[in-house]
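K.L.:
You'll find model.cif just under this line, and it carries mmCIF, C-alpha atoms.
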data_upload
#
loop_
_atom_site.label_atom_id
_atom_site.label_comp_id
_atom_site.auth_asym_id
_atom_site.auth_seq_id
_atom_site.Cartn_x
_atom_site.Cartn_y
_atom_site.Cartn_z
CA MET A 1 -2.80 -25.16 24.95
CA ASN A 2 0.91 -24.67 25.26
CA GLU A 3 1.74 -21.02 25.98
CA VAL A 4 5.36 -21.14 24.89
CA PHE A 5 6.43 -20.44 21.34
CA ASP A 6 7.09 -23.76 19.64
CA TRP A 7 9.77 -23.71 16.95
CA GLY A 8 8.71 -27.19 15.84
CA GLY A 9 5.37 -25.67 14.85
CA VAL A 10 7.19 -23.25 12.55
CA TRP A 11 8.83 -26.16 10.79
CA ASP A 12 5.56 -28.11 10.56
CA ALA A 13 3.91 -25.19 8.76
CA MET A 14 6.58 -25.09 6.02
CA PRO A 15 4.95 -27.42 3.44
CA ALA A 16 1.77 -25.32 3.47
CA MET A 17 3.94 -22.22 3.17
CA LEU A 18 5.59 -23.53 0.03
CA ASP A 19 2.18 -24.13 -1.57
CA GLY A 20 1.27 -20.58 -0.56
CA LEU A 21 4.53 -19.31 -2.01
CA VAL A 22 3.63 -20.74 -5.43
CA VAL A 23 0.32 -18.84 -5.32
CA ALA A 24 2.00 -15.63 -4.16
CA LEU A 25 4.58 -15.88 -6.95
CA GLN A 26 1.86 -16.48 -9.54
CA ALA A 27 -0.03 -13.39 -8.38
CA THR A 28 3.19 -11.36 -8.39
CA LEU A 29 4.19 -12.50 -11.86
CA ILE A 30 0.79 -11.98 -13.52
CA GLY A 31 0.36 -8.68 -11.70
CA TYR A 32 3.81 -7.53 -12.74
CA VAL A 33 3.21 -8.22 -16.42
CA ILE A 34 -0.04 -6.22 -16.17
CA ALA A 35 1.75 -3.42 -14.33
CA LEU A 36 4.51 -3.24 -16.96
CA ILE A 37 2.12 -3.07 -19.92
CA LEU A 38 -0.60 -0.93 -18.35
CA GLY A 39 1.96 1.38 -16.78
CA LEU A 40 3.51 2.09 -20.17
CA ALA A 41 0.03 2.71 -21.61
CA PHE A 42 -0.75 5.15 -18.77
CA ALA A 43 2.55 6.95 -19.28
CA LEU A 44 1.97 7.34 -23.03
CA LEU A 45 -1.68 8.38 -22.63
CA ARG A 46 -0.70 11.03 -20.09
CA ARG A 47 1.59 12.53 -22.71
CA SER A 48 -1.18 12.61 -25.27
CA GLY A 49 -1.60 15.92 -27.09
CA SER A 50 -5.31 15.99 -26.37
CA ARG A 51 -6.30 17.23 -22.92
CA TRP A 52 -9.42 15.11 -23.18
CA VAL A 53 -7.19 12.06 -22.97
CA SER A 54 -4.32 13.18 -20.74
CA MET A 55 -6.39 14.81 -17.98
CA PRO A 56 -8.81 11.94 -17.26
CA VAL A 57 -6.00 9.39 -17.43
CA GLY A 58 -3.94 11.55 -15.07
CA PHE A 59 -6.85 11.79 -12.67
CA VAL A 60 -7.50 8.04 -12.69
CA VAL A 61 -3.81 7.28 -12.15
CA GLU A 62 -3.54 9.69 -9.20
CA PHE A 63 -6.77 8.36 -7.74
CA ILE A 64 -5.74 4.71 -7.91
CA ARG A 65 -2.35 5.57 -6.48
CA SER A 66 -3.71 7.42 -3.46
CA THR A 67 -6.28 4.82 -2.39
CA PRO A 68 -5.52 1.55 -0.56
CA LEU A 69 -4.84 -1.61 -2.53
CA LEU A 70 -6.93 -3.53 0.01
CA VAL A 71 -10.05 -1.51 -0.77
CA GLN A 72 -9.40 -1.91 -4.49
CA LEU A 73 -9.14 -5.67 -3.95
CA PHE A 74 -12.49 -5.68 -2.15
CA PHE A 75 -13.99 -3.51 -4.87
CA PHE A 76 -13.01 -5.84 -7.71
CA PHE A 77 -13.74 -8.97 -5.70
CA TYR A 78 -17.30 -7.93 -4.87
CA VAL A 79 -18.20 -5.75 -7.84
CA LEU A 80 -16.87 -7.78 -10.78
CA PRO A 81 -19.33 -10.67 -10.18
CA LEU A 82 -22.18 -8.13 -9.99
CA ILE A 83 -21.46 -6.92 -13.51
CA GLY A 84 -21.24 -10.49 -14.77
CA VAL A 85 -17.48 -11.03 -14.77
CA SER A 86 -16.70 -14.17 -12.82
CA VAL A 87 -13.03 -14.97 -12.50
CA SER A 88 -11.04 -16.74 -9.81
CA PRO A 89 -10.03 -14.76 -6.71
CA LEU A 90 -6.40 -15.23 -7.72
CA ALA A 91 -7.03 -13.65 -11.12
CA THR A 92 -8.95 -10.78 -9.49
CA GLY A 93 -6.13 -10.26 -7.02
CA ALA A 94 -3.44 -10.34 -9.68
CA PHE A 95 -5.38 -7.84 -11.78
CA ALA A 96 -5.94 -5.43 -8.86
CA LEU A 97 -2.27 -5.74 -7.91
CA GLY A 98 -1.24 -5.06 -11.51
CA LEU A 99 -3.57 -2.08 -11.86
CA HIS A 100 -2.40 -0.57 -8.57
CA TYR A 101 1.25 -0.90 -9.44
CA ALA A 102 0.70 0.27 -13.02
CA THR A 103 0.19 3.72 -11.52
CA TYR A 104 3.63 3.47 -9.96
CA THR A 105 5.37 2.07 -13.03
CA SER A 106 3.76 4.76 -15.19
CA GLU A 107 5.66 7.37 -13.15
CA VAL A 108 8.85 5.37 -13.63
CA TYR A 109 8.33 5.22 -17.39
CA ARG A 110 7.55 8.95 -17.39
CA SER A 111 10.84 9.77 -15.71
CA GLY A 112 12.62 7.55 -18.24
CA ILE A 113 10.93 9.26 -21.19
CA ASP A 114 11.66 12.71 -19.75
CA GLY A 115 15.29 11.67 -19.46
CA VAL A 116 15.71 11.18 -23.22
CA PRO A 117 17.57 14.25 -24.54
CA PRO A 118 15.42 16.62 -26.65
CA GLY A 119 17.95 16.31 -29.49
CA GLN A 120 16.72 12.73 -30.00
CA TRP A 121 13.18 13.95 -30.63
CA GLU A 122 14.43 16.63 -32.99
CA ALA A 123 16.59 14.16 -34.89
CA ALA A 124 13.64 11.78 -35.32
CA ARG A 125 11.57 14.64 -36.67
CA ALA A 126 14.37 15.80 -38.97
CA LEU A 127 14.61 12.28 -40.39
CA ASN A 128 10.85 12.36 -41.01
CA PHE A 129 10.13 9.39 -38.74
CA SER A 130 6.48 8.63 -38.13
CA ARG A 131 5.09 9.04 -34.64
CA ARG A 132 5.01 5.30 -34.08
CA ARG A 133 8.53 4.86 -35.33
CA THR A 134 9.82 7.73 -33.21
CA TRP A 135 8.51 5.98 -30.12
CA THR A 136 9.43 2.42 -30.96
CA ALA A 137 12.81 3.00 -32.60
CA ILE A 138 14.16 6.09 -30.82
CA ILE A 139 12.52 7.06 -27.57
CA LEU A 140 11.50 3.85 -25.81
CA PRO A 141 14.73 1.91 -26.53
CA GLN A 142 16.55 4.71 -24.71
CA ALA A 143 13.94 5.39 -22.02
CA ILE A 144 13.28 1.85 -20.83
CA PRO A 145 16.80 0.49 -20.10
CA ARG A 146 17.37 3.55 -17.90
CA VAL A 147 14.44 2.66 -15.69
CA VAL A 148 14.93 -1.12 -15.52
CA PRO A 149 16.40 -0.96 -11.98
CA ALA A 150 13.44 1.10 -10.72
CA LEU A 151 11.00 -1.25 -12.45
CA ALA A 152 12.73 -4.30 -10.96
CA ASN A 153 12.27 -2.90 -7.47
CA TYR A 154 8.51 -2.95 -7.94
CA VAL A 155 8.54 -6.76 -8.25
CA ILE A 156 9.68 -6.86 -4.64
CA ALA A 157 7.13 -4.26 -3.58
CA MET A 158 4.36 -6.22 -5.29
CA PHE A 159 5.45 -9.47 -3.72
CA LYS A 160 5.30 -7.79 -0.34
CA ASP A 161 1.71 -6.75 -1.03
CA THR A 162 0.52 -10.26 -1.91
CA PRO A 163 -0.44 -11.10 1.72
CA GLN A 164 -3.33 -8.67 1.27
CA LEU A 165 -4.86 -11.19 -1.13
CA LEU A 166 -5.87 -13.27 1.88
CA ALA A 167 -8.68 -10.74 2.33
CA ILE A 168 -10.27 -11.99 -0.90
CA THR A 169 -9.87 -15.70 0.00
CA VAL A 170 -6.66 -16.35 -1.94
CA VAL A 171 -4.59 -18.83 0.06
CA GLU A 172 -1.10 -17.40 -0.25
CA MET A 173 1.39 -17.74 2.59
CA LEU A 174 -0.27 -15.59 5.23
CA GLY A 175 -3.64 -17.02 4.21
CA ALA A 176 -2.23 -20.54 4.64
CA ALA A 177 -0.84 -19.53 8.04
CA VAL A 178 -4.24 -18.26 9.16
CA ALA A 179 -5.88 -21.43 7.87
CA ILE A 180 -3.51 -23.58 9.93
CA GLY A 181 -4.13 -21.31 12.90
CA SER A 182 -7.89 -21.70 12.72
CA GLU A 183 -7.49 -25.50 12.71
CA THR A 184 -4.95 -25.81 15.51
CA PHE A 185 -5.77 -22.61 17.48
CA ARG A 186 -2.10 -21.71 17.30
CA TYR A 187 -1.49 -18.72 15.06
CA SER A 188 1.95 -17.60 16.13
CA GLU A 189 4.05 -20.44 14.68
CA PRO A 190 2.49 -20.50 11.19
CA VAL A 191 2.53 -16.68 11.03
CA ALA A 192 6.21 -16.75 12.00
CA ALA A 193 6.83 -19.35 9.28
CA ALA A 194 5.10 -17.09 6.74
CA GLY A 195 7.18 -14.15 7.88
CA LEU A 196 10.41 -16.10 7.49
CA VAL A 197 9.53 -17.19 3.96
CA TYR A 198 8.59 -13.60 3.00
CA LEU A 199 11.87 -12.29 4.31
CA VAL A 200 13.96 -14.93 2.53
CA VAL A 201 12.12 -14.56 -0.78
CA ALA A 202 12.25 -10.74 -0.62
CA LEU A 203 16.02 -10.91 -0.01
CA VAL A 204 16.50 -13.33 -2.93
CA MET A 205 14.44 -11.01 -5.13
CA ALA A 206 16.51 -8.00 -4.08
CA TRP A 207 19.64 -9.94 -5.05
CA LEU A 208 18.14 -10.87 -8.45
CA ALA A 209 17.07 -7.26 -8.98
CA ARG A 210 20.65 -6.17 -8.46
CA ILE A 211 21.81 -8.64 -11.12
CA VAL A 212 19.15 -7.40 -13.54
CA GLU A 213 20.25 -3.85 -12.79
CA ARG A 214 23.83 -4.66 -13.68
CA ARG A 215 22.94 -6.48 -16.90
CA PHE A 216 20.30 -4.20 -18.35
CA GLY A 217 20.84 -0.94 -16.53
CA GLN A 218 22.84 0.80 -19.26
CA VAL A 219 21.67 2.38 -22.47
CA ARG A 220 23.33 0.72 -25.43
CA VAL A 221 24.39 3.32 -27.93
CA MET B 1 -28.44 4.84 5.31
CA SER B 2 -29.56 4.89 8.91
CA ALA B 3 -28.01 7.16 11.51
CA GLY B 4 -26.54 4.16 13.33
CA LEU B 5 -24.57 3.07 10.28
CA MET B 6 -23.41 6.63 9.69
CA ALA B 7 -22.07 6.65 13.26
CA TYR B 8 -19.94 3.59 12.41
CA ILE B 9 -18.48 5.46 9.45
CA TRP B 10 -17.60 8.54 11.51
CA GLU B 11 -16.05 6.38 14.21
CA GLY B 12 -14.11 4.46 11.58
CA LEU B 13 -12.90 7.71 10.04
CA GLY B 14 -11.69 8.80 13.47
CA VAL B 15 -9.73 5.56 13.92
CA THR B 16 -8.20 5.82 10.44
CA LEU B 17 -7.11 9.42 11.06
CA MET B 18 -5.74 8.49 14.47
CA LEU B 19 -3.75 5.59 13.01
CA THR B 20 -2.41 7.90 10.31
CA VAL B 21 -1.44 10.75 12.63
CA PHE B 22 0.06 8.68 15.46
CA GLY B 23 1.63 6.25 13.00
CA ALA B 24 3.25 9.22 11.25
CA LEU B 25 4.51 10.78 14.50
CA LEU B 26 5.95 7.52 15.84
CA GLY B 27 7.28 6.66 12.39
CA LEU B 28 8.99 10.05 12.28
CA VAL B 29 10.78 9.25 15.55
CA PHE B 30 11.98 5.89 14.17
CA ALA B 31 12.97 7.55 10.90
CA PHE B 32 15.10 10.21 12.56
CA ILE B 33 16.77 7.79 14.97
CA ALA B 34 17.58 5.30 12.21
CA GLY B 35 18.29 7.89 9.51
CA LEU B 36 20.71 9.91 11.64
CA GLY B 37 22.08 6.67 13.07
CA ARG B 38 23.17 5.66 9.58
CA SER B 39 25.68 8.51 9.53
CA SER B 40 26.96 7.97 13.07
CA ASN B 41 30.67 7.58 13.77
CA ARG B 42 30.04 4.51 15.86
CA LYS B 43 29.92 1.24 14.00
CA VAL B 44 27.38 -0.34 16.37
CA VAL B 45 24.89 2.50 15.88
CA ARG B 46 25.36 2.43 12.10
CA GLY B 47 24.88 -1.34 12.05
CA ALA B 48 21.76 -1.27 14.22
CA ALA B 49 20.19 1.47 12.08
CA MET B 50 20.94 -0.51 8.92
CA VAL B 51 19.49 -3.74 10.32
CA TYR B 52 16.31 -1.87 11.30
CA THR B 53 15.76 -0.30 7.87
CA GLU B 54 16.61 -3.45 5.91
CA ILE B 55 14.42 -5.78 7.99
CA PHE B 56 11.37 -3.58 8.24
CA ARG B 57 11.51 -2.57 4.59
CA GLY B 58 11.73 -6.26 3.67
CA PHE B 59 8.67 -7.31 5.67
CA PRO B 60 5.12 -6.93 4.36
CA SER B 61 3.31 -4.59 6.76
CA LEU B 62 0.41 -7.01 7.02
CA VAL B 63 2.72 -9.80 8.20
CA LEU B 64 4.23 -7.37 10.71
CA LEU B 65 0.74 -6.56 11.97
CA PHE B 66 -0.12 -10.24 12.36
CA ALA B 67 3.19 -10.83 14.11
CA LEU B 68 2.59 -8.08 16.68
CA ILE B 69 -0.93 -9.31 17.35
CA PHE B 70 -0.44 -13.09 17.23
CA ILE B 71 3.20 -13.88 17.96
CA LEU B 72 4.12 -11.29 20.59
CA PRO B 73 1.51 -12.52 23.13
CA GLN B 74 3.15 -15.96 22.98
CA PHE B 75 6.33 -14.41 24.32
CA GLY B 76 4.36 -12.78 27.08
CA TYR B 77 3.74 -9.27 25.69
CA GLN B 78 0.11 -8.44 25.08
CA LEU B 79 -0.26 -5.08 23.34
CA ASN B 80 -3.42 -3.06 23.09
CA THR B 81 -4.74 -3.89 19.61
CA LEU B 82 -4.93 -0.29 18.45
CA PHE B 83 -1.41 0.40 19.72
CA ALA B 84 -0.16 -2.76 17.99
CA GLY B 85 -1.66 -1.37 14.78
CA ILE B 86 0.04 1.99 15.21
CA LEU B 87 3.36 0.34 16.10
CA ALA B 88 3.30 -2.00 13.09
CA LEU B 89 2.51 0.86 10.71
CA ALA B 90 5.11 3.13 12.31
CA LEU B 91 7.88 0.50 12.23
CA ASN B 92 7.20 -0.09 8.55
CA ILE B 93 6.87 3.49 7.36
CA GLY B 94 9.70 4.59 9.66
CA ALA B 95 12.08 2.27 7.82
CA TYR B 96 11.19 3.87 4.49
CA ALA B 97 11.32 7.39 5.91
CA ALA B 98 14.71 6.64 7.49
CA GLU B 99 16.14 6.35 3.99
CA VAL B 100 14.63 9.77 3.21
CA VAL B 101 16.29 11.27 6.29
CA ARG B 102 19.61 9.70 5.36
CA GLY B 103 19.41 10.99 1.78
CA ALA B 104 18.42 14.48 2.87
CA VAL B 105 21.24 14.73 5.41
CA LYS B 106 23.71 13.58 2.77
CA SER B 107 22.40 16.21 0.35
CA VAL B 108 23.53 19.11 2.58
CA PRO B 109 26.63 20.56 0.86
CA PRO B 110 29.86 19.51 2.66
CA GLY B 111 31.01 23.14 2.73
CA GLN B 112 28.24 23.86 5.21
CA LEU B 113 29.58 21.22 7.57
CA GLU B 114 33.14 22.42 7.17
CA ALA B 115 32.04 25.97 7.93
CA ALA B 116 30.28 24.76 11.07
CA VAL B 117 33.43 22.90 12.14
CA ALA B 118 35.53 25.97 11.42
CA LEU B 119 33.20 28.04 13.61
CA ASN B 120 33.83 25.54 16.41
CA PHE B 121 30.24 24.30 16.62
CA THR B 122 29.72 21.20 18.75
CA PRO B 123 28.42 18.14 16.84
CA MET B 124 24.96 18.76 18.33
CA GLN B 125 24.97 22.40 17.27
CA ARG B 126 26.15 21.36 13.80
CA LEU B 127 23.17 19.06 13.51
CA ARG B 128 20.60 21.42 14.98
CA LYS B 129 21.66 24.73 13.51
CA VAL B 130 23.18 23.79 10.17
CA VAL B 131 22.30 20.34 8.89
CA LEU B 132 18.68 19.82 9.94
CA PRO B 133 17.19 23.17 8.87
CA GLN B 134 18.45 22.53 5.35
CA ALA B 135 17.80 18.79 5.31
CA VAL B 136 14.21 19.10 6.54
CA VAL B 137 13.20 21.11 3.48
CA ALA B 138 14.50 18.32 1.27
CA MET B 139 12.68 15.70 3.36
CA ILE B 140 9.18 17.11 3.14
CA PRO B 141 8.28 16.17 -0.48
CA PRO B 142 9.30 12.49 -0.08
CA PHE B 143 7.71 12.43 3.38
CA SER B 144 4.50 13.50 1.69
CA ASN B 145 4.64 10.32 -0.40
CA ASN B 146 5.38 8.27 2.72
CA LEU B 147 2.37 9.78 4.44
CA ILE B 148 0.07 8.70 1.61
CA GLU B 149 1.59 5.20 1.74
CA LEU B 150 0.88 5.19 5.48
CA LEU B 151 -2.71 6.30 4.96
CA LYS B 152 -3.18 3.47 2.47
CA ALA B 153 -1.57 0.96 4.83
CA THR B 154 -3.95 1.89 7.66
CA SER B 155 -6.72 0.03 5.83
CA LEU B 156 -4.83 -3.22 6.61
CA VAL B 157 -5.79 -3.00 10.28
CA SER B 158 -9.37 -3.86 9.31
CA LEU B 159 -8.07 -7.41 8.69
CA VAL B 160 -7.15 -7.79 12.36
CA TYR B 161 -10.58 -6.46 13.41
CA ILE B 162 -9.63 -2.92 14.32
CA SER B 163 -12.69 -0.85 13.42
CA ASP B 164 -11.21 1.65 11.00
CA LEU B 165 -12.88 3.21 7.95
CA THR B 166 -12.53 0.08 5.81
CA PHE B 167 -13.92 -2.09 8.61
CA ALA B 168 -16.87 0.27 9.07
CA ALA B 169 -17.53 0.18 5.33
CA GLN B 170 -17.57 -3.62 5.45
CA LEU B 171 -20.20 -3.45 8.19
CA VAL B 172 -22.31 -1.06 6.15
CA ARG B 173 -21.95 -3.28 3.10
CA ALA B 174 -23.03 -6.33 5.09
CA SER B 175 -26.12 -4.64 6.47
CA THR B 176 -27.28 -2.70 3.40
CA GLY B 177 -26.03 -4.88 0.54
CA GLU B 178 -25.03 -1.74 -1.38
CA THR B 179 -21.70 -3.23 -2.46
CA THR B 180 -20.71 -1.05 -5.40
CA LEU B 181 -21.80 2.20 -3.77
CA VAL B 182 -20.09 1.49 -0.45
CA PHE B 183 -16.73 0.56 -1.95
CA LEU B 184 -16.77 3.43 -4.46
CA GLY B 185 -17.60 5.81 -1.61
CA LEU B 186 -14.80 4.31 0.45
CA LEU B 187 -12.30 4.80 -2.38
CA VAL B 188 -13.41 8.41 -2.87
CA GLY B 189 -13.13 8.94 0.91
CA TYR B 190 -9.52 7.73 0.98
CA GLY B 191 -8.79 9.81 -2.13
CA LEU B 192 -10.11 12.94 -0.39
CA ILE B 193 -8.11 12.29 2.81
CA ALA B 194 -5.01 11.82 0.64
CA LEU B 195 -5.72 15.12 -1.11
CA VAL B 196 -6.03 16.95 2.22
CA LEU B 197 -2.79 15.38 3.52
CA THR B 198 -0.90 16.28 0.33
CA THR B 199 -2.13 19.87 0.58
CA ILE B 200 -1.01 20.15 4.20
CA MET B 201 2.43 18.77 3.34
CA ARG B 202 2.71 21.21 0.46
CA LEU B 203 1.99 24.12 2.79
CA LEU B 204 4.53 22.79 5.29
CA GLU B 205 7.13 22.60 2.56
CA ARG B 206 6.56 26.22 1.60
CA LEU B 207 6.79 27.29 5.21
CA ALA B 208 10.05 25.42 5.74
CA ALA B 209 11.50 26.74 2.48
CA ARG B 210 10.53 30.31 3.27
CA ARG B 211 12.36 30.11 6.58
CA LEU B 212 15.50 29.36 4.60
CA GLY B 213 14.74 32.20 2.21
CA ARG B 214 14.04 29.84 -0.68
CA GLN B 215 11.16 29.84 -3.12
CA VAL B 216 9.00 26.82 -3.84
CA PRO B 217 7.30 26.58 -7.23
CA THR B 218 3.67 27.58 -6.91
CA GLY B 219 0.67 25.33 -7.45
CA LEU B 220 -1.17 23.90 -4.49
CA PHE B 221 -2.01 20.45 -5.79
CA ALA B 222 -0.12 19.72 -8.95
CA ARG B 223 3.42 18.72 -8.34
CA LYS B 224 5.52 16.40 -10.39
CA GLU B 225 8.43 14.58 -8.92
CA ALA B 226 10.96 12.24 -10.40
CA VAL B 227 10.65 8.79 -8.89
#
Take the structure in the file and write it out as structure tokens.

P.N.:
Amino acid sequence: MNEVFDWGGVWDAMPAMLDGLVVALQATLIGYVIALILGLAFALLRRSGSRWVSMPVGFVVEFIRSTPLLVQLFFFFYVLPLIGVSVSPLATGAFALGLHYATYTSEVYRSGIDGVPPGQWEAARALNFSRRRTWTAIILPQAIPRVVPALANYVIAMFKDTPQLLAITVVEMLGAAVAIGSETFRYSEPVAAAGLVYLVVALVMAWLARIVERRFGQVRV
Amino acid sequence: MSAGLMAYIWEGLGVTLMLTVFGALLGLVFAFIAGLGRSSNRKVVRGAAMVYTEIFRGFPSLVLLFALIFILPQFGYQLNTLFAGILALALNIGAYAAEVVRGAVKSVPPGQLEAAVALNFTPMQRLRKVVLPQAVVAMIPPFSNNLIELLKATSLVSLVYISDLTFAAQLVRASTGETTLVFLGLLVGYGLIALVLTTIMRLLERLAARRLGRQVPTGLFARKEAV
């Protein structure tokens, strides 16, 4: 076995990395959609007038947020089949990723909702808007654009957490790198290739997030 | 559960706490060097600090861990596995915490600095006597979040066969077959450690604020922060 780092090996690993990238992006995208929807639901439920709703939801959100994503991945991966839900590892991973980050996005939504001036609530009430209409026509259209930049940043954070999916047999980039390593007994080059791809994609995502921020970051009055 | 398995869990807990504590201490060193470096007068120092924060915030911590354990030996540096784990976690969390340090230092009112200059303080005295005591109070709440992120990240080391709490739980699961119970217990365990860490940070914050003669809103656990 050659002891020296072989840059050619990095290049040879690239095709497998690109396949892994597709998987990682799928997990990120599905997870992100879940995080956006579930996070909003968490944020709204935590504002519920009934303590019987807001307290348990608050507890669950804090609990999920303060425990490791990896353990949550294991939990869903091993426990879901036991209760009769059999889905692909990728779907399990995307769901766990989405659930984990929903607890983060719910805080982002909360800060956006808190940022809507109280006069807006009073005006909606004065105009006799229904609860639903107050939220959909007045509050959320003002709250959400404000937090778009913060929400966009979580795409990058989620993408950076996708390597953890290798623990539940999803072959994303790092998983592909380890697979190559176990065939050739050389781990360093494929792992380096995976690292390079992560860095490049994360930088591209940061650039896209900045564009999104500029386009949607303002509240339209 | 047999006593032998319980011993694994305790050992794993010890490793997890060690990774968290040493990772936090080393991360704190990186954070202060890079965070203060960002406001240095020298361009080289500023640039180096920026490169550090941008690169290590951009890398998944798991990839960093794999890199330290698999790639570094190829270049002739073999680290102790546990130390590699601590280093990877510290490099990662230090980059995030460096931004906290930078923000907190910037939040000290400029009048304070001008006053220190007017009193003929040396740059070191300015930092030690005026800037840091005020900045540290502002750092503690975001550091508390960083610490929980670090605690969560420690579970990643189980994937490179360091026997932390998650690794121990996997062993117990494999030998007892009690999947649901073991993972639920593991989640609750991490949740409890997080609660203890948050409480400690909250006490630290009060202590630091009191030394400046400020009041911190009461409430030991509940604390809402804007993201």

K.L.:
Which residues fall under the PyMOL selection byres ((chain B) within 6 of (chain A)) in this file, as an NGL selection string?

P.N.:
:B and (60 or 70-71 or 74 or 152 or 180 or 183 or 190-191 or 226)

K.L.:
One decimal, Å: what's the distance from CA of Glu54 (chain B) over to CA of Arg102 (chain B), could you say?

P.N.:
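Going from CA of Glu54 (chain B) over to CA of Arg102 (chain B) covers 13.5 Å.
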
K.L.:
Considering only C-alpha atoms, state which residue in the set B:Ala98, B:Leu87, B:Leu82, B:Val15 is at the smallest distance from Val51 (chain B).

P.N.:
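Closest residue, counting only C-alpha atoms: B:Ala98.
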
K.L.:
Give as a PyMOL selection string the set of residues within 12 Å of the point (24.5, 15.9, 2.5), where distances use the file's coordinates and only C-alpha atoms.

P.N.:
chain B and resi 36+39+100-114+127+130-132+134-136+138-139

K.L.:
Determine the residue membership of the PyMOL selection byres ((chain A and resi 94) around 9) for the file above and supply it as a list in words.

P.N.:
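Residues picked by the PyMOL selection byres ((chain A and resi 94) around 9): Gln26, Ala27, Thr28, Leu29, Ile30, Gly31, Tyr32, Ile34, Pro89, Leu90, Ala91, Thr92, Gly93, Phe95, Ala96, Leu97, Gly98, Leu99, Thr162 and Leu165 of chain A.
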
K.L.:
Given the choices B:Gly85, B:Gly58, B:Gly37, B:Gly4, which gets closest to Ala153 (chain B) if the distance is worked out from only C-alpha atoms?

P.N.:
B:Gly85

K.L.:
Hey, what's within 7 Å of region 88-95 of chain B if we count all atoms listed in the file and toss same-chain stuff fewer than 6 positions away? As a count of residues only, please?

P.N.:
16

K.L.:
Show which residues sit within 9 Å of Ser163 (chain B), as JSON, numbers by chain. Count only C-alpha atoms, and ignore same-chain residues fewer than 2 positions away.

P.N.:
{"B": [8, 11, 12, 15, 16, 157, 158, 160, 161, 165, 166, 167, 168]}

K.L.:
Keeping only C-alpha atoms, write the selected residues as an mmCIF file, keeping the file's coordinate frame.

P.N.:
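Contents of part_7.cif, freshly written:
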data_model
loop_
_atom_site.group_PDB
_atom_site.id
_atom_site.type_symbol
_atom_site.label_atom_id
_atom_site.label_comp_id
_atom_site.auth_asym_id
_atom_site.auth_seq_id
_atom_site.Cartn_x
_atom_site.Cartn_y
_atom_site.Cartn_z
ATOM 1 C CA TYR B 8 -19.940 3.590 12.410
ATOM 2 C CA GLU B 11 -16.050 6.380 14.210
ATOM 3 C CA GLY B 12 -14.110 4.460 11.580
ATOM 4 C CA VAL B 15 -9.730 5.560 13.920
ATOM 5 C CA THR B 16 -8.200 5.820 10.440
ATOM 6 C CA VAL B 157 -5.790 -3.000 10.280
ATOM 7 C CA SER B 158 -9.370 -3.860 9.310
ATOM 8 C CA VAL B 160 -7.150 -7.790 12.360
ATOM 9 C CA TYR B 161 -10.580 -6.460 13.410
ATOM 10 C CA LEU B 165 -12.880 3.210 7.950
ATOM 11 C CA THR B 166 -12.530 0.080 5.810
ATOM 12 C CA PHE B 167 -13.920 -2.090 8.610
ATOM 13 C CA ALA B 168 -16.870 0.270 9.070
#

K.L.:
Just the number, please: distance in Å from CA of Val22 (chain A) to CA of Glu172 (chain A), one decimal.

P.N.:
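It comes out at 7.8 Å.
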